[in-house]
$ cat work00.tsv   # TSV, C-alpha atoms
chain	number	residue	atom	x	y	z
A	1	MET	CA	7.74	51.97	-31.74
A	2	SER	CA	3.96	51.76	-31.65
A	3	LEU	CA	1.94	50.90	-28.55
A	4	GLY	CA	1.05	47.48	-30.02
A	5	GLU	CA	4.71	46.66	-30.67
A	6	ALA	CA	5.63	47.74	-27.14
A	7	VAL	CA	2.92	45.53	-25.63
A	8	CYS	CA	4.08	42.53	-27.67
A	9	THR	CA	7.71	43.16	-26.70
A	10	VAL	CA	6.85	43.38	-22.98
A	11	SER	CA	4.56	40.36	-23.22
A	12	ASP	CA	7.26	38.27	-24.87
A	13	ALA	CA	9.82	39.37	-22.27
A	14	LEU	CA	7.52	38.33	-19.43
A	15	LYS	CA	7.10	34.85	-20.87
A	16	GLY	CA	10.81	34.16	-20.42
A	17	PRO	CA	12.78	31.61	-22.39
A	18	ALA	CA	10.87	28.70	-23.82
A	19	ALA	CA	10.98	25.75	-21.46
A	20	LEU	CA	12.86	22.79	-22.78
A	21	PRO	CA	10.94	19.53	-22.54
A	22	GLU	CA	12.28	17.42	-19.69
A	23	GLU	CA	13.14	13.88	-20.62
A	24	ILE	CA	11.08	11.46	-18.56
A	25	GLN	CA	12.85	8.19	-17.98
A	26	ASP	CA	11.07	4.90	-17.63
A	27	MET	CA	11.31	3.33	-14.16
A	28	ALA	CA	12.36	0.08	-15.82
A	29	ASP	CA	15.61	1.82	-16.83
A	30	PHE	CA	16.53	2.71	-13.24
A	31	GLU	CA	18.32	0.20	-11.06
A	32	ALA	CA	18.21	1.04	-7.36
A	33	SER	CA	21.36	-0.51	-5.99
A	34	PRO	CA	23.03	0.48	-2.71
A	35	ARG	CA	26.05	2.74	-3.02
A	36	GLU	CA	28.09	2.98	0.17
A	37	ASN	CA	29.78	6.23	-0.92
A	38	GLU	CA	26.49	8.17	-1.45
A	39	VAL	CA	23.71	9.42	0.82
A	40	ALA	CA	20.41	11.22	0.20
A	41	VAL	CA	20.07	14.80	1.43
A	42	ALA	CA	16.73	16.64	1.73
A	43	TYR	CA	16.18	20.13	0.32
A	44	ASN	CA	12.82	21.00	1.85
A	45	ASP	CA	12.61	24.43	0.23
A	46	THR	CA	11.51	22.67	-2.99
A	47	CYS	CA	9.80	19.63	-1.38
A	48	LEU	CA	6.10	19.24	-2.21
A	49	ALA	CA	5.53	17.14	0.93
A	50	ARG	CA	5.70	20.22	3.13
A	51	SER	CA	2.50	21.65	1.68
A	52	SER	CA	0.76	18.88	-0.24
A	53	GLY	CA	0.34	15.15	-0.46
A	54	CYS	CA	3.53	14.13	-2.25
A	55	PHE	CA	4.94	10.93	-0.76
A	56	SER	CA	6.93	9.67	-3.76
A	57	CYS	CA	10.27	9.28	-1.99
A	58	VAL	CA	8.77	8.07	1.30
A	59	GLU	CA	6.82	5.30	-0.46
A	60	ARG	CA	9.80	4.12	-2.56
A	61	CYS	CA	12.47	4.06	0.16
A	62	GLU	CA	12.92	0.36	0.96
A	63	PRO	CA	15.08	0.84	4.08
A	64	GLU	CA	12.48	3.40	5.34
A	65	ALA	CA	15.13	6.07	5.85
A	66	ILE	CA	12.76	8.91	4.87
A	67	GLU	CA	10.24	10.34	7.30
A	68	LEU	CA	7.48	12.86	6.49
A	69	ILE	CA	7.40	15.90	8.77
A	70	GLN	CA	4.08	17.78	8.37
A	71	GLY	CA	4.58	21.41	7.40
A	72	THR	CA	8.34	20.95	6.98
A	73	GLY	CA	8.90	18.32	4.30
A	74	ILE	CA	11.02	15.22	4.77
A	75	ARG	CA	13.80	14.07	7.07
A	76	ILE	CA	16.33	11.48	5.94
A	77	ASN	CA	18.03	9.19	8.45
A	78	GLN	CA	21.48	9.11	6.88
A	79	GLN	CA	22.53	6.19	9.07
A	80	ILE	CA	19.86	4.01	7.42
A	81	CYS	CA	20.09	5.42	3.87
A	82	THR	CA	21.67	2.93	1.45
A	83	GLY	CA	22.51	5.55	-1.18
A	84	CYS	CA	20.52	3.75	-3.88
A	85	GLY	CA	19.12	7.01	-5.33
A	86	ILE	CA	15.51	5.90	-5.88
A	87	CYS	CA	14.30	8.89	-3.83
A	88	GLN	CA	16.07	11.36	-6.11
A	89	TYR	CA	14.88	9.48	-9.18
A	90	VAL	CA	11.17	9.59	-8.24
A	91	CYS	CA	11.16	13.16	-6.90
A	92	PRO	CA	8.78	15.07	-9.21
A	93	VAL	CA	10.16	18.60	-8.71
A	94	THR	CA	12.97	20.50	-10.37
A	95	PRO	CA	15.36	21.15	-8.76
A	96	LYS	CA	15.07	17.86	-6.90
A	97	ALA	CA	14.05	18.00	-3.23
A	98	VAL	CA	16.20	14.92	-2.59
A	99	ARG	CA	19.71	14.83	-4.00
A	100	MET	CA	22.48	12.30	-3.71
A	101	GLN	CA	25.78	13.50	-2.26
A	102	VAL	CA	29.09	11.94	-1.33
A	103	ARG	CA	28.80	10.33	2.10
A	104	THR	CA	30.99	11.77	4.85
A	105	ALA	CA	32.43	9.89	7.85
A	106	THR	CA	29.55	11.05	10.08
A	107	GLN	CA	26.97	9.68	7.64
A	108	THR	CA	28.21	6.09	7.50
A	109	PRO	CA	25.54	3.39	7.58
A	110	SER	CA	24.87	1.84	10.96
A	111	ALA	CA	26.17	-1.61	11.89
A	112	TYR	CA	22.56	-2.79	12.01
A	113	HIS	CA	22.06	-1.79	8.40
A	114	ALA	CA	25.25	-3.54	7.29
A	115	GLU	CA	24.23	-6.74	9.10
A	116	SER	CA	20.73	-6.69	7.61
A	117	GLN	CA	22.20	-6.33	4.10
A	118	GLN	CA	24.42	-9.37	4.68
A	119	ARG	CA	21.39	-11.39	5.80
A	120	GLY	CA	19.55	-10.27	2.64
A	121	GLU	CA	16.82	-8.27	4.42

$ encode --input "work00.tsv" --output "structure tokens"
Amino acid sequence: MSLGEAVCTVSDALKGPAALPEEIQDMADFEASPRENEVAVAYNDTCLARSSGCFSCVERCEPEAIELIQGTGIRINQQICTGCGICQYVCPVTPKAVRMQVRTATQTPSAYHAESQQRGE
């Protein structure tokens, strides 16, 4: 193998596999509806809010269950979270910094939240 072939081989190996284009969905296709059996969970290791000005999930969360913590990322109040999934949908990173998971008994919505939903707030 010549030096030129070796350089090309190493260069190609360093590039890694070709990235597949990620399908970007239109917001009009997403319907944010409360799901009692789901809750948002923060994964701050991938969250852009901890080191930059990303506020996508904070701005879109209607029940205001997401709080920005400077230098850390986000904190989600699971008692207020409706499980609608808009935060996961608008998160710009891969893997997502906010992911929906099955709600456990300790993460049930508060009575206040349930009453406000019945009143249409």

$ residues_around --input "work00.tsv" --residues "Ile69 in chain A" --least-positions-apart "6" --cutoff "10 Å" --atoms "only C-alpha atoms" --output "list in words"
Ala49, Arg50 and Arg75 of chain A

$ write_last_selection --input "work00.tsv" --atoms "C-alpha atoms" --output "mmCIF file, in the coordinates of the input"
data_model
loop_
_atom_site.group_PDB
_atom_site.id
_atom_site.type_symbol
_atom_site.label_atom_id
_atom_site.label_comp_id
_atom_site.auth_asym_id
_atom_site.auth_seq_id
_atom_site.Cartn_x
_atom_site.Cartn_y
_atom_site.Cartn_z
ATOM 1 C CA ALA A 49 5.530 17.140 0.930
ATOM 2 C CA ARG A 50 5.700 20.220 3.130
ATOM 3 C CA ARG A 75 13.800 14.070 7.070
#

$ closest_residue --input "work00.tsv" --among "A:Gly71, A:Pro95, A:Gly85, A:Gly53" --to "Phe30 in chain A" --atoms "only C-alpha atoms"
A:Gly85

$ residues_near_point --input "work00.tsv" --point "(16.8, -0.4, -8.3)" --cutoff "8 Å" --atoms "all atoms listed in the file" --output "JSON list (two decimals) with C-alpha atoms, keeping the file's coordinate frame"
[["chain", "number", "residue", "atom", "x", "y", "z"],
["A", 30, "PHE", "CA", 16.53, 2.71, -13.24],
["A", 31, "GLU", "CA", 18.32, 0.20, -11.06],
["A", 32, "ALA", "CA", 18.21, 1.04, -7.36],
["A", 33, "SER", "CA", 21.36, -0.51, -5.99],
["A", 84, "CYS", "CA", 20.52, 3.75, -3.88],
["A", 86, "ILE", "CA", 15.51, 5.90, -5.88]]

$ atom_distance --input "work00.tsv" --atom1 "CA of Leu48 in chain A" --atom2 "CA of Thr104 in chain A"
26.9 Å

$ closest_residue --input "work00.tsv" --among "A:Ala65, A:Val98, A:Cys47, A:Cys54" --to "Gln78 in chain A" --atoms "all atoms listed in the file"
A:Ala65

$ closest_residue --input "work00.tsv" --among "A:Glu38, A:Cys57, A:Ile66, A:Gln101" --to "Cys87 in chain A" --atoms "all atoms listed in the file"
A:Cys57

$ closest_residue --input "work00.tsv" --among "A:Ser51, A:Thr72, A:Asn37, A:Thr46" --to "Pro92 in chain A" --atoms "only C-alpha atoms"
A:Thr46

$ closest_residue --input "work00.tsv" --among "A:Cys81, A:Glu64, A:Cys91, A:Val58" --to "Pro34 in chain A" --atoms "all atoms listed in the file"
A:Cys81

$ atom_distance --input "work00.tsv" --atom1 "CA of Glu59 in chain A" --atom2 "CA of Ala105 in chain A"
27.3 Å
